Every structure is written in structure tokens, then in C-alpha cells.
$ cat upload07.cif   # mmCIF, C-alpha atoms and all ligand atoms
data_structure
loop_
_atom_site.label_atom_id
_atom_site.label_comp_id
_atom_site.auth_asym_id
_atom_site.auth_seq_id
_atom_site.Cartn_x
_atom_site.Cartn_y
_atom_site.Cartn_z
CA MET D 1 0.00 0.00 0.00
CA ASN D 2 1.08 3.59 -0.63
CA ILE D 3 0.15 6.31 1.86
CA ALA D 4 0.74 10.06 1.62
CA ILE D 5 0.70 12.16 4.79
CA THR D 6 0.11 15.90 4.72
CA GLY D 7 1.34 17.75 7.80
CA ALA D 8 3.79 14.88 8.23
CA ASN D 9 6.04 16.95 10.50
CA SER D 10 3.24 17.42 13.05
CA SER D 11 3.81 15.65 16.36
CA ALA D 12 1.17 13.07 15.43
CA GLY D 13 2.75 12.75 11.98
CA ASN D 14 6.19 12.07 13.37
CA ILE D 15 4.88 9.21 15.50
CA LEU D 16 2.77 7.83 12.65
CA LEU D 17 5.88 7.84 10.45
CA ARG D 18 7.77 5.84 13.07
CA HIS D 19 4.98 3.24 13.06
CA LEU D 20 5.03 3.10 9.27
CA ALA D 21 8.81 2.80 9.15
CA GLU D 22 8.51 -0.42 11.16
CA ARG D 23 6.28 -1.95 8.49
CA GLY D 24 8.03 -3.00 5.36
CA ASP D 25 4.87 -3.23 3.29
CA ILE D 26 3.87 0.45 3.12
CA GLN D 27 5.56 3.13 1.02
CA VAL D 28 5.03 6.61 2.44
CA VAL D 29 5.19 10.07 0.91
CA ALA D 30 5.64 12.49 3.81
CA CYS D 31 4.53 16.00 2.84
CA VAL D 32 5.67 19.10 4.74
CA ARG D 33 5.84 22.79 3.96
CA SER D 34 9.56 23.54 4.30
CA ALA D 35 13.01 22.11 3.72
CA ARG D 36 13.68 22.54 7.43
CA ALA D 37 10.69 20.37 8.35
CA MET D 38 11.74 17.87 5.72
CA ALA D 39 15.21 17.54 7.27
CA ASN D 40 13.71 16.62 10.65
CA LEU D 41 11.48 13.77 9.49
CA PRO D 42 12.34 10.23 10.56
CA ALA D 43 14.59 8.58 7.98
CA SER D 44 13.59 5.24 6.50
CA PRO D 45 13.93 3.55 3.11
CA SER D 46 10.11 3.39 2.95
CA ILE D 47 9.61 7.13 3.57
CA SER D 48 10.19 9.76 0.91
CA ALA D 49 9.86 13.36 2.00
CA ARG D 50 8.43 16.14 -0.16
CA ALA D 51 8.12 19.87 0.40
CA ILE D 52 4.72 21.07 -0.79
CA ASP D 53 2.91 24.36 -1.20
CA TYR D 54 -0.83 24.00 -0.52
CA ALA D 55 -1.50 26.86 -2.95
CA ASP D 56 0.13 24.92 -5.80
CA ARG D 57 -2.81 22.64 -6.61
CA ASP D 58 -1.10 20.94 -9.58
CA GLY D 59 2.07 20.31 -7.59
CA LEU D 60 0.07 18.98 -4.67
CA ALA D 61 -1.92 16.65 -6.93
CA ALA D 62 1.29 15.39 -8.52
CA THR D 63 2.75 14.71 -5.07
CA LEU D 64 -0.31 12.87 -3.77
CA GLY D 65 -0.93 10.96 -6.99
CA GLY D 66 -0.40 7.21 -6.64
CA ALA D 67 -1.36 7.15 -2.96
CA GLY D 68 -3.99 4.62 -1.97
CA CYS D 69 -4.86 6.87 0.96
CA VAL D 70 -3.97 10.39 2.07
CA VAL D 71 -3.75 11.09 5.80
CA HIS D 72 -4.34 14.78 6.42
CA LEU D 73 -2.78 15.87 9.71
CA ALA D 74 -2.13 19.58 9.13
CA GLY D 75 -4.11 21.68 11.57
CA ILE D 76 -3.72 24.06 14.49
CA LEU D 77 -5.38 24.91 17.80
CA VAL D 78 -3.29 28.01 18.51
CA GLU D 79 -3.29 30.67 15.81
CA SER D 80 -0.25 32.80 14.99
CA PRO D 81 0.39 35.70 12.62
CA ALA D 82 1.51 33.05 10.08
CA SER D 83 -1.37 30.58 10.48
CA SER D 84 -5.06 31.10 11.09
CA TYR D 85 -7.87 28.57 11.57
CA GLN D 86 -9.02 29.46 8.09
CA THR D 87 -5.68 28.79 6.38
CA ALA D 88 -4.48 25.84 8.48
CA ASN D 89 -7.71 24.00 9.24
CA VAL D 90 -10.05 24.89 6.38
CA ASP D 91 -8.04 25.99 3.32
CA ALA D 92 -5.38 23.29 3.71
CA THR D 93 -8.09 20.61 3.93
CA GLN D 94 -9.81 21.99 0.85
CA ALA D 95 -6.50 22.00 -1.03
CA VAL D 96 -5.78 18.38 -0.11
CA VAL D 97 -9.29 17.23 -1.04
CA ASP D 98 -9.08 19.05 -4.39
CA ALA D 99 -5.66 17.53 -5.04
CA CYS D 100 -6.93 14.03 -4.17
CA ARG D 101 -9.78 14.38 -6.64
CA LYS D 102 -7.47 15.73 -9.33
CA ALA D 103 -4.93 12.96 -8.79
CA GLY D 104 -7.49 10.15 -8.58
CA VAL D 105 -6.74 9.36 -4.93
CA ARG D 106 -9.83 7.61 -3.61
CA ARG D 107 -9.33 7.54 0.17
CA ILE D 108 -8.63 10.17 2.81
CA VAL D 109 -8.29 10.13 6.60
CA LEU D 110 -8.75 13.39 8.49
CA VAL D 111 -7.78 13.76 12.14
CA SER D 112 -10.33 16.07 13.71
CA VAL D 113 -11.41 16.97 17.20
CA LEU D 114 -14.28 16.24 19.58
CA GLY D 115 -16.72 19.14 19.35
CA ALA D 116 -16.00 19.88 15.68
CA ASP D 117 -19.09 21.57 14.29
CA PRO D 118 -19.42 23.93 11.32
CA THR D 119 -22.05 25.93 13.26
CA SER D 120 -20.13 26.19 16.54
CA PRO D 121 -19.76 29.70 18.01
CA ASN D 122 -16.18 28.69 18.91
CA ARG D 123 -13.93 29.56 15.96
CA TYR D 124 -11.63 26.53 16.41
CA TRP D 125 -14.41 23.95 16.61
CA ARG D 126 -16.15 25.73 13.74
CA SER D 127 -13.06 25.52 11.52
CA LYS D 128 -12.58 21.83 12.28
CA GLY D 129 -16.27 21.25 11.57
CA ARG D 130 -15.85 22.99 8.23
CA ALA D 131 -12.83 20.80 7.48
CA GLU D 132 -14.93 17.73 8.28
CA ARG D 133 -17.69 18.93 5.98
CA ILE D 134 -15.20 19.42 3.14
CA VAL D 135 -14.07 15.81 3.54
CA SER D 136 -17.60 14.39 4.02
CA GLU D 137 -18.90 16.13 0.92
CA SER D 138 -15.81 15.45 -1.20
CA GLY D 139 -17.04 12.29 -2.87
CA LEU D 140 -13.92 10.54 -1.56
CA SER D 141 -14.20 7.61 0.80
CA GLY D 142 -12.36 7.32 4.07
CA ALA D 143 -12.67 8.38 7.68
CA ILE D 144 -12.75 11.28 10.07
CA ILE D 145 -11.25 10.48 13.46
CA ARG D 146 -12.38 12.90 16.15
CA THR D 147 -10.26 12.84 19.24
CA GLY D 148 -9.47 14.88 22.34
CA ILE D 149 -6.11 15.56 23.91
CA LEU D 150 -3.36 13.42 22.37
CA LEU D 151 -0.50 12.29 24.58
CA GLY D 152 2.84 11.10 23.32
CA PRO D 153 6.45 12.17 23.65
CA GLY D 154 6.95 15.66 22.23
CA MET D 155 3.26 16.47 21.83
CA ALA D 156 2.18 19.91 23.05
CA GLY D 157 -0.38 18.48 25.48
CA ALA D 158 2.19 16.05 26.89
CA ARG D 159 4.79 18.78 27.31
CA ALA D 160 2.26 20.87 29.25
CA VAL D 161 1.43 17.94 31.56
CA VAL D 162 5.09 17.08 32.19
CA HIS D 163 6.00 20.73 32.74
CA ALA D 164 3.16 21.19 35.25
CA ALA D 165 4.06 17.93 37.00
CA SER D 166 7.69 19.06 37.30
CA GLN D 167 6.82 22.13 39.40
CA PRO D 168 6.43 22.23 43.19
CA ALA D 169 3.23 24.25 42.65
CA VAL D 170 1.26 24.98 39.53
CA THR D 171 -1.76 27.12 38.69
CA LEU D 172 -4.23 25.41 36.36
CA LEU D 173 -7.17 26.93 34.53
CA GLY D 174 -10.27 26.20 36.60
CA GLY D 175 -8.07 24.15 38.91
CA GLY D 176 -7.83 21.54 36.14
CA ARG D 177 -11.21 20.10 37.18
CA HIS D 178 -12.42 19.41 33.66
CA SER D 179 -12.46 15.79 32.57
CA ILE D 180 -10.19 14.59 29.76
CA ARG D 181 -9.89 11.30 27.87
CA PRO D 182 -6.25 11.34 26.76
CA LEU D 183 -5.55 9.16 23.73
CA ASP D 184 -2.11 7.63 23.35
CA VAL D 185 -0.79 8.85 20.03
CA ASP D 186 0.47 5.32 19.27
CA ASP D 187 -3.18 4.21 19.43
CA LEU D 188 -4.13 7.04 17.08
CA SER D 189 -1.49 5.82 14.63
CA ARG D 190 -2.96 2.31 14.72
CA ALA D 191 -6.46 3.71 14.17
CA ILE D 192 -5.29 5.80 11.21
CA LEU D 193 -3.73 2.73 9.60
CA ARG D 194 -6.94 0.76 10.08
CA CYS D 195 -8.86 3.53 8.36
CA CYS D 196 -6.36 3.64 5.48
CA GLU D 197 -6.74 -0.09 4.99
CA GLY D 198 -10.56 0.08 4.92
CA SER D 199 -12.46 -0.08 1.68
CA ALA D 200 -16.03 0.87 2.61
CA PRO D 201 -17.55 3.64 0.49
CA GLY D 202 -18.38 7.01 2.05
CA VAL D 203 -16.71 8.81 4.93
CA ALA D 204 -17.14 7.24 8.38
CA VAL D 205 -16.88 9.42 11.47
CA TYR D 206 -15.24 7.86 14.53
CA GLU D 207 -14.88 9.34 17.98
CA LEU D 208 -11.78 7.82 19.48
CA VAL D 209 -10.49 8.67 22.94
CA GLY D 210 -8.38 7.05 25.60
CA PRO D 211 -9.69 4.31 27.92
CA GLU D 212 -9.96 6.32 31.11
CA PRO D 213 -11.65 9.63 31.91
CA ALA D 214 -9.67 11.67 34.42
CA ALA D 215 -9.65 15.22 35.72
CA TYR D 216 -6.79 17.17 34.15
CA ARG D 217 -5.44 17.92 37.63
CA ASP D 218 -5.33 14.19 38.40
CA VAL D 219 -3.36 13.52 35.22
CA VAL D 220 -0.84 16.14 36.33
CA ALA D 221 -0.70 14.70 39.86
CA ARG D 222 -0.28 11.13 38.55
CA THR D 223 2.53 12.25 36.25
CA ALA D 224 4.24 13.97 39.18
CA ALA D 225 3.91 10.79 41.25
CA LEU D 226 5.59 8.82 38.44
CA MET D 227 8.50 11.25 38.81
CA ASP D 228 8.48 10.74 42.60
CA ARG D 229 7.31 14.28 43.05
CA HIS D 230 4.34 16.08 44.53
CA VAL D 231 2.76 19.07 42.86
CA SER D 232 0.49 21.48 44.66
CA ILE D 233 -2.34 22.59 42.38
CA ARG D 234 -3.89 26.07 42.53
CA SER D 235 -6.74 27.43 40.48
CA LEU D 236 -7.08 30.37 38.10
CA PRO D 237 -10.77 31.00 37.38
CA VAL D 238 -11.55 30.35 33.74
CA TRP D 239 -13.49 33.63 33.44
CA LEU D 240 -10.45 35.57 34.65
CA ALA D 241 -8.14 33.79 32.21
CA ARG D 242 -10.60 34.51 29.37
CA LEU D 243 -10.72 38.19 30.36
CA GLY D 244 -6.92 38.42 30.45
CA ALA D 245 -6.64 36.67 27.11
CA ALA D 246 -9.26 38.95 25.56
CA LEU D 247 -7.44 42.07 26.80
CA SER D 248 -3.99 40.94 25.65
CA GLY D 249 -5.55 39.82 22.37
CA TRP D 250 -5.91 43.46 21.41
CA ARG D 251 -2.13 43.67 21.12
CA ARG D 252 -1.27 40.42 19.35
CA GLN D 253 -2.73 37.91 16.93
CA GLY D 254 -3.24 34.34 18.06
CA GLY D 255 -1.68 32.74 21.12
CA MET D 256 -3.81 31.97 24.18
CA THR D 257 -7.17 33.42 23.18
CA PRO D 258 -10.59 32.92 24.83
CA THR D 259 -11.29 30.48 21.97
CA VAL D 260 -8.33 28.31 22.96
CA ILE D 261 -9.16 28.57 26.67
CA ASP D 262 -12.70 27.36 26.02
CA VAL D 263 -11.35 24.35 24.12
CA ILE D 264 -8.70 23.34 26.63
CA THR D 265 -10.97 23.68 29.66
CA SER D 266 -13.98 21.85 28.26
CA SER D 267 -14.67 18.31 29.40
CA GLU D 268 -14.13 15.65 26.74
CA VAL D 269 -17.27 13.55 26.48
CA VAL D 270 -17.78 10.68 24.06
CA HIS D 271 -20.97 8.65 23.82
CA GLU D 272 -19.45 5.66 22.06
CA ASN D 273 -15.72 5.11 21.87
CA ALA D 274 -14.69 3.71 18.46
CA ASP D 275 -11.80 1.60 19.77
CA ALA D 276 -13.62 -1.72 19.33
CA GLU D 277 -15.02 -0.76 15.92
CA LEU D 278 -11.54 0.21 14.76
CA GLY D 279 -9.94 -2.84 16.33
CA VAL D 280 -7.58 -0.76 18.46
CA LEU D 281 -6.56 -2.03 21.90
CA LEU D 282 -6.24 1.14 23.93
CA THR D 283 -3.12 1.78 25.97
CA PRO D 284 -3.91 2.24 29.68
CA LEU D 285 -3.49 5.86 30.79
CA SER D 286 -0.80 4.94 33.32
CA ALA D 287 1.29 3.35 30.53
CA THR D 288 0.82 6.41 28.35
CA LEU D 289 1.98 8.71 31.16
CA GLU D 290 5.06 6.53 31.73
CA LYS D 291 6.06 7.10 28.11
CA LEU D 292 6.05 10.86 28.60
CA LEU D 293 8.78 10.88 31.21
CA PRO D 294 12.05 11.83 29.60
CA SER D 295 14.94 10.31 31.53
CA GLN D 296 16.46 13.78 31.99
CA VAL D 297 13.38 14.87 33.94
CA LYS D 298 13.96 12.05 36.40
CA VAL D 299 17.66 12.96 36.63
CA ALA D 300 17.03 16.69 36.92
CA HIS D 301 14.53 16.24 39.74
CA PRO D 302 15.70 13.24 41.78
N1 LIG D 401 -2.51 17.52 19.61
C1 LIG D 401 -3.73 17.21 20.04
O1 LIG D 401 -3.95 17.00 21.26
C2 LIG D 401 -4.85 17.09 19.04
C3 LIG D 401 -6.14 16.82 19.50
C4 LIG D 401 -7.17 16.67 18.58
C5 LIG D 401 -6.93 16.83 17.23
N2 LIG D 401 -5.67 17.13 16.82
C6 LIG D 401 -5.43 17.30 15.38
O2 LIG D 401 -4.45 16.37 14.96
C7 LIG D 401 -3.65 16.94 13.90
C8 LIG D 401 -2.18 16.84 14.31
O3 LIG D 401 -2.03 17.53 15.55
P1 LIG D 401 -0.57 17.82 16.15
O4 LIG D 401 -0.77 18.34 17.53
O5 LIG D 401 0.31 16.64 15.94
O6 LIG D 401 -0.11 19.02 15.20
P2 LIG D 401 1.18 19.97 15.37
O7 LIG D 401 2.32 19.21 15.95
O8 LIG D 401 0.76 21.21 16.09
O9 LIG D 401 1.53 20.34 13.86
C9 LIG D 401 0.71 21.20 13.12
C10 LIG D 401 0.85 20.87 11.65
O10 LIG D 401 0.00 21.76 10.90
C11 LIG D 401 0.79 22.39 9.89
N3 LIG D 401 0.28 23.73 9.61
C12 LIG D 401 0.26 24.80 10.44
N4 LIG D 401 -0.25 25.87 9.80
C13 LIG D 401 -0.56 25.46 8.56
C14 LIG D 401 -1.13 26.09 7.42
N5 LIG D 401 -1.48 27.39 7.45
N6 LIG D 401 -1.29 25.36 6.29
C15 LIG D 401 -0.95 24.06 6.24
N7 LIG D 401 -0.40 23.40 7.29
C16 LIG D 401 -0.22 24.10 8.42
C17 LIG D 401 2.19 22.43 10.46
O11 LIG D 401 3.13 22.64 9.44
P3 LIG D 401 4.36 23.69 9.63
O12 LIG D 401 5.30 23.01 10.60
O13 LIG D 401 4.89 23.86 8.27
O14 LIG D 401 3.74 24.95 10.20
C18 LIG D 401 2.26 21.05 11.11
O15 LIG D 401 2.53 20.07 10.14
C19 LIG D 401 -4.14 18.38 13.73
O16 LIG D 401 -5.06 18.44 12.68
C20 LIG D 401 -4.86 18.66 15.05
O17 LIG D 401 -5.89 19.63 14.91
C21 LIG D 401 -4.63 17.25 17.67
#

$ encode --input "upload07.cif" --output "C-alpha cells"
Amino acid sequence: MNIAITGANSSAGNILLRHLAERGDIQVVACVRSARAMANLPASPSISARAIDYADRDGLAATLGGAGCVVHLAGILVESPASSYQTANVDATQAVVDACRKAGVRRIVLVSVLGADPTSPNRYWRSKGRAERIVSESGLSGAIIRTGILLGPGMAGARAVVHAASQPAVTLLGGGRHSIRPLDVDDLSRAILRCCEGSAPGVAVYELVGPEPAAYRDVVARTAALMDRHVSIRSLPVWLARLGAALSGWRRQGGMTPTVIDVITSSEVVHENADAELGVLLTPLSATLEKLLPSQVKVAHP
């Protein structure tokens, strides 16, 4: 099988590439936006890296052509002057879908987020909902995998947990009382591969989260315990954080906006986890947290 990955240098993409490199039977085209990103991709005889420009529809189609499935991973939660929800989440998805159709690629897998909804008042969830709609209405077959916080070495969410757990005291939004269902990014990789290998027509939507709901503060405390540490957790009211973010938002574009705060403090609720349907055996949360501990953290804080 041939797979092309767009946004291959994302944290999830890097881990997916490592999974694919271990399989000899899949050839991968890893698409990124810069030579610098290309240089940092995992090296393997089965992976060929390409620098792409999403605005170059012909070039993109030529790059994706020949893939049995395209995995679209490009997307952002935090905007910057260089990347907005519109460009990163919506326009990039449209470009990839258009290129798939032009190149005759029949299957696509989109990684989306719980809460994605094209009518959401929250700009992030709205943009992810619009990306989903582009894929659902594309005429391609494939899958949309909606997930919540992803945990794996190097992922932004994991870095935040490990950083908080490494402090003697930490202030969390709302005291970290919201409930999360962290998904091990290795499990996401397995789910993506299952979806690539599928052949059913149409676009299936799966909600896939980790096996155990836990308050964010408990995830931080459990991570600290794994490092033989104790972290004292204080609370910053969410309304106050939103107000501060709204005021500082006048001076800069992107960063920690009220939109982002609403996303990262909302509880992750799933009615039916798709693990069984996708044939993915979920990694226990404790095992996922163990994987996040870099040995230098243990050494630095004996
Ligand atoms: N991390 C999570 O907890 C989580 C949870 C739910 C869903 N997801 C989704 O899973 C996917 C991967 O997440 P991740 O955390 O691994 O991503 P990430 O590490 O933050 O990487 C973001 C990717 O998006 C690309 N990108 C940024 N702006 C872009 C633009 N304007 N046009 C095209 N590409 C752009 C980046 O390319 P450059 O390096 O060139 O900027 C990079 O490849 C994303 O779609 C994300 O929304 C993630």
C-alpha cells in the first residue's frame, strides 16, 4: 500500500511515520511545507519526504498521486500571525481534497477533534467542523477520526502535563477540574492505519479517545507521582483567564485566546468510543503517562 501524509512533521505525523517505518509493506510520501521540516522527518527507506505548497494545486496533486490513501494531519489549535484557523484547518483541507480528486486518490483520513461543528460559536471547533464537511462532501471515501487531547512524547499536550508535573506548585485553569480522555498517540497511529486499509464507500466518522476519563489535575498529579514528586495545584478562574486573554488579544494575533481557553478547559465527552469498531486495543493511561517521562526529567529532579 502507498500512503501520503500531509502535515507529516506534526507531532502526530512524526509518530505515525515511526509506526510506518517499522512496516516494510507500506511506502510513504511524507509532505511538509519547508526544507527545514523535511530535514527533521524520521529517515527510512520506505519514507520519501516532499516539500509542498498547498497553494500549488497541480504540484500537490502530482505529489499525492499514486497514494492509496492520504492522511491529512495539518491543523492548528493556537493561531499565529503566520497561520489562522481558516488557512491551516479549512483551506489546507480543501487544497488536499481538491488535489486528491485531481490525482485520482480515492481515500482520505482526516484527524479532527471532539466538538468539531461547522455551526459552533467557537472559531476553532467551527473551523474543524468545516474541514470535516469538506471531507464528508468530497465524494472521496475514508474516515474522520475525532479525538481529544493526544498524549505522546513531544506532543504539546504532553509537554504541558510534564512541565506542570515538574513544578512544586502549579496554577491550572479552573483548577484543572475538567475531565479529559487522553488518547495515546500510538493508538491514534494504529487507528489511522486501520482507516487507510478500509475499503467501505463514504466517509465514516469515529470518535476515538483514551480508555480512562480523568480530571486534568489528576493527570498532572499522577505524572508527578511517576516522577516521585508532589505538585500542589492552585486554580485560576476560567473567566479571569478569558478576560486576560481577551485584553492581551488586542495587542497580538493568536496565542492563548478565549477560543483556545474554552477548548482546553472543556470536558471531553464521548458517547461511544470507536476503539472496538476500529480494532484498536487502547493503551492504559498509566502506561501512556510513563512514556512521557524523559529520563532527563527524572535525573534533573531526583
Ligand atoms: N494535539 C492534540 O492534542 C490534538 C487533539 C485533537 C486533534 N488534533 C489534530 O491532529 C492533527 C495533528 O495535531 P498535532 O498536535 O500533531 O499538530 P502539530 O504538531 O501542532 O503540527 C501542526 C501541523 O499543521 C501544519 N500547519 C500549520 N499551519 C498550517 C497552514 N497554514 N497550512 C498548512 N499546514 C499548516 C504544520 O506545518 P508547519 O510546521 O509547516 O507549520 C504542522 O505540520 C491536527 O489536525 C490537530 O488539529 C490534535

$ closest_atom_pairs --input "upload07.cif" --of "stretch 128-166 of chain D" --to "stretch 269-291 of chain D" --cutoff "10 Å" --atoms "all atoms listed in the file" --output "Markdown table"
| residue | atom | partner | partner_atom | distance |
| --- | --- | --- | --- | --- |
| D:Ile145 | CA | D:Ala274 | CA | 9.1 |
| D:Arg146 | CA | D:Ala274 | CA | 9.8 |
| D:Thr147 | CA | D:Val270 | CA | 9.2 |
| D:Gly148 | CA | D:Val269 | CA | 8.9 |
| D:Leu151 | CA | D:Thr288 | CA | 7.1 |
| D:Gly152 | CA | D:Lys291 | CA | 7.0 |
| D:Pro153 | CA | D:Lys291 | CA | 6.8 |
| D:Ala158 | CA | D:Leu289 | CA | 8.5 |
| D:Val161 | CA | D:Leu289 | CA | 9.3 |
| D:Val162 | CA | D:Leu289 | CA | 9.0 |

$ closest_residue --input "upload07.cif" --among "D:Gly175, D:Arg133, D:Gly115, D:Gly7" --to "D:Ala92" --atoms "all atoms listed in the file"
D:Gly7

$ residues_near_ligand --input "upload07.cif" --ligand "ligand LIG 401 (chain D)" --cutoff "8 Å" --atoms "only C-alpha atoms and all ligand atoms" --output "ChimeraX atom specification"
/D:6-14,32-34,37,54,72-77,82-89,91-92,110-114,128,146-151,155-157

$ closest_residue --input "upload07.cif" --among "D:Val170, D:Leu208, D:Ala241, D:Leu140" --to "D:Ser189" --atoms "all atoms listed in the file"
D:Leu208

$ closest_residue --input "upload07.cif" --among "D:Ser136, D:Ser127, D:Thr223, D:Ser179" --to "D:Ala165" --atoms "all atoms listed in the file"
D:Thr223

$ atom_distance --input "upload07.cif" --atom1 "atom CA of D:Ala103" --atom2 "atom CA of D:Ala55"
15.5 Å

$ atom_distance --input "upload07.cif" --atom1 "atom CA of D:Arg222" --atom2 "atom CA of D:Tyr124"
29.3 Å

$ closest_residue --input "upload07.cif" --among "D:Glu137, D:Gly176, D:Pro45, D:Ile52" --to "D:Ile264" --atoms "all atoms listed in the file"
D:Gly176

$ atom_distance --input "upload07.cif" --atom1 "atom CA of D:Val29" --atom2 "atom CA of D:Lys102"
17.2 Å

$ closest_residue --input "upload07.cif" --among "D:Thr259, D:Thr63, D:Ser266, D:Gln94" --to "D:Asn122" --atoms "only C-alpha atoms"
D:Thr259

$ closest_residue --input "upload07.cif" --among "D:Ala245, D:Met38, D:Ile3, D:Ala224" --to "D:His163" --atoms "only C-alpha atoms"
D:Ala224

$ residues_around --input "upload07.cif" --residues "D:Ala116" --least-positions-apart "4" --cutoff "7 Å" --atoms "all atoms listed in the file" --output "ChimeraX atom specification"
/D:125-126,128-129

$ axis_aligned_box --input "upload07.cif" --around "stretch 201-208 of chain D" --padding-each-side "6 Å" --output "AutoDock Vina command-line options"
--center_x -15.1 --center_y 6.5 --center_z 10.0 --size_x 18.6 --size_y 17.8 --size_z 31.0

$ residues_around --input "upload07.cif" --residues "D:Gly174" --least-positions-apart "4" --cutoff "6 Å" --atoms "only C-alpha atoms" --output "ChimeraX atom specification"
/D:235-238

$ write_last_selection --input "upload07.cif" --atoms "C-alpha atoms" --output "CSV table (one decimal), in the frame of the given file"
chain,number,residue,atom,x,y,z
D,235,SER,CA,-6.7,27.4,40.5
D,236,LEU,CA,-7.1,30.4,38.1
D,237,PRO,CA,-10.8,31.0,37.4
D,238,VAL,CA,-11.6,30.4,33.7

$ closest_atom_pairs --input "upload07.cif" --of "stretch 129-197 of chain D" --to "stretch 228-231 of chain D" --cutoff "8 Å" --atoms "only C-alpha atoms" --output "JSON lines"
{"residue": "D:Ala164", "atom": "CA", "partner": "D:Val231", "partner_atom": "CA", "distance": 7.9}
{"residue": "D:Ala165", "atom": "CA", "partner": "D:Val231", "partner_atom": "CA", "distance": 6.1}
{"residue": "D:Ser166", "atom": "CA", "partner": "D:Val231", "partner_atom": "CA", "distance": 7.4}
{"residue": "D:Gln167", "atom": "CA", "partner": "D:Val231", "partner_atom": "CA", "distance": 6.1}
{"residue": "D:Pro168", "atom": "CA", "partner": "D:Val231", "partner_atom": "CA", "distance": 4.9}
{"residue": "D:Ala169", "atom": "CA", "partner": "D:Val231", "partner_atom": "CA", "distance": 5.2}
{"residue": "D:Val170", "atom": "CA", "partner": "D:Val231", "partner_atom": "CA", "distance": 6.9}

$ residues_around --input "upload07.cif" --residues "D:Ser48" --least-positions-apart "5" --cutoff "9 Å" --atoms "all atoms listed in the file" --output "VMD selection string"
chain D and resid 27 to 31 43

$ residues_around --input "upload07.cif" --residues "D:Ile180" --least-positions-apart "5" --cutoff "7 Å" --atoms "all atoms listed in the file" --output "list in words"
Pro213, Ala214, Ala215, Tyr216, Ser267 and Glu268 of chain D

$ build_atoms --input "upload07.cif" --residues "stretch 149-168 of chain D" --atoms "N, CA and C atoms" --output "tab-separated table (two decimals), in the coordinates of the input"
chain	number	residue	atom	x	y	z
D	149	ILE	N	-7.54	15.30	23.71
D	149	ILE	CA	-6.11	15.56	23.91
D	149	ILE	C	-5.30	14.31	23.56
D	150	LEU	N	-4.25	14.51	22.76
D	150	LEU	CA	-3.36	13.42	22.37
D	150	LEU	C	-2.13	13.48	23.26
D	151	LEU	N	-1.72	12.33	23.77
D	151	LEU	CA	-0.50	12.29	24.58
D	151	LEU	C	0.52	11.36	23.94
D	152	GLY	N	1.72	11.87	23.84
D	152	GLY	CA	2.84	11.10	23.32
D	152	GLY	C	4.07	11.98	23.46
D	153	PRO	N	5.24	11.38	23.47
D	153	PRO	CA	6.45	12.17	23.65
D	153	PRO	C	6.53	13.31	22.64
D	154	GLY	N	6.77	14.51	23.11
D	154	GLY	CA	6.95	15.66	22.23
D	154	GLY	C	5.66	16.38	21.87
D	155	MET	N	4.51	15.80	22.19
D	155	MET	CA	3.26	16.47	21.83
D	155	MET	C	3.02	17.64	22.77
D	156	ALA	N	2.36	18.68	22.26
D	156	ALA	CA	2.18	19.91	23.05
D	156	ALA	C	1.45	19.61	24.36
D	157	GLY	N	0.39	18.79	24.28
D	157	GLY	CA	-0.38	18.48	25.48
D	157	GLY	C	0.47	17.72	26.50
D	158	ALA	N	1.33	16.84	26.00
D	158	ALA	CA	2.19	16.05	26.89
D	158	ALA	C	3.24	16.95	27.55
D	159	ARG	N	3.79	17.86	26.75
D	159	ARG	CA	4.79	18.78	27.31
D	159	ARG	C	4.18	19.62	28.42
D	160	ALA	N	2.92	20.05	28.23
D	160	ALA	CA	2.26	20.87	29.25
D	160	ALA	C	2.05	20.06	30.53
D	161	VAL	N	1.65	18.79	30.38
D	161	VAL	CA	1.43	17.94	31.56
D	161	VAL	C	2.75	17.72	32.30
D	162	VAL	N	3.80	17.38	31.56
D	162	VAL	CA	5.09	17.08	32.19
D	162	VAL	C	5.66	18.35	32.84
D	163	HIS	N	5.50	19.47	32.17
D	163	HIS	CA	6.00	20.73	32.74
D	163	HIS	C	5.27	21.03	34.06
D	164	ALA	N	3.94	20.91	34.04
D	164	ALA	CA	3.16	21.19	35.25
D	164	ALA	C	3.56	20.23	36.37
D	165	ALA	N	3.74	18.96	36.00
D	165	ALA	CA	4.06	17.93	37.00
D	165	ALA	C	5.46	18.13	37.57
D	166	SER	N	6.29	18.87	36.87
D	166	SER	CA	7.69	19.06	37.30
D	166	SER	C	7.83	20.23	38.27
D	167	GLN	N	6.74	20.96	38.53
D	167	GLN	CA	6.82	22.13	39.40
D	167	GLN	C	6.41	21.75	40.83
D	168	PRO	N	6.93	22.47	41.83
D	168	PRO	CA	6.43	22.23	43.19
D	168	PRO	C	4.97	22.67	43.33
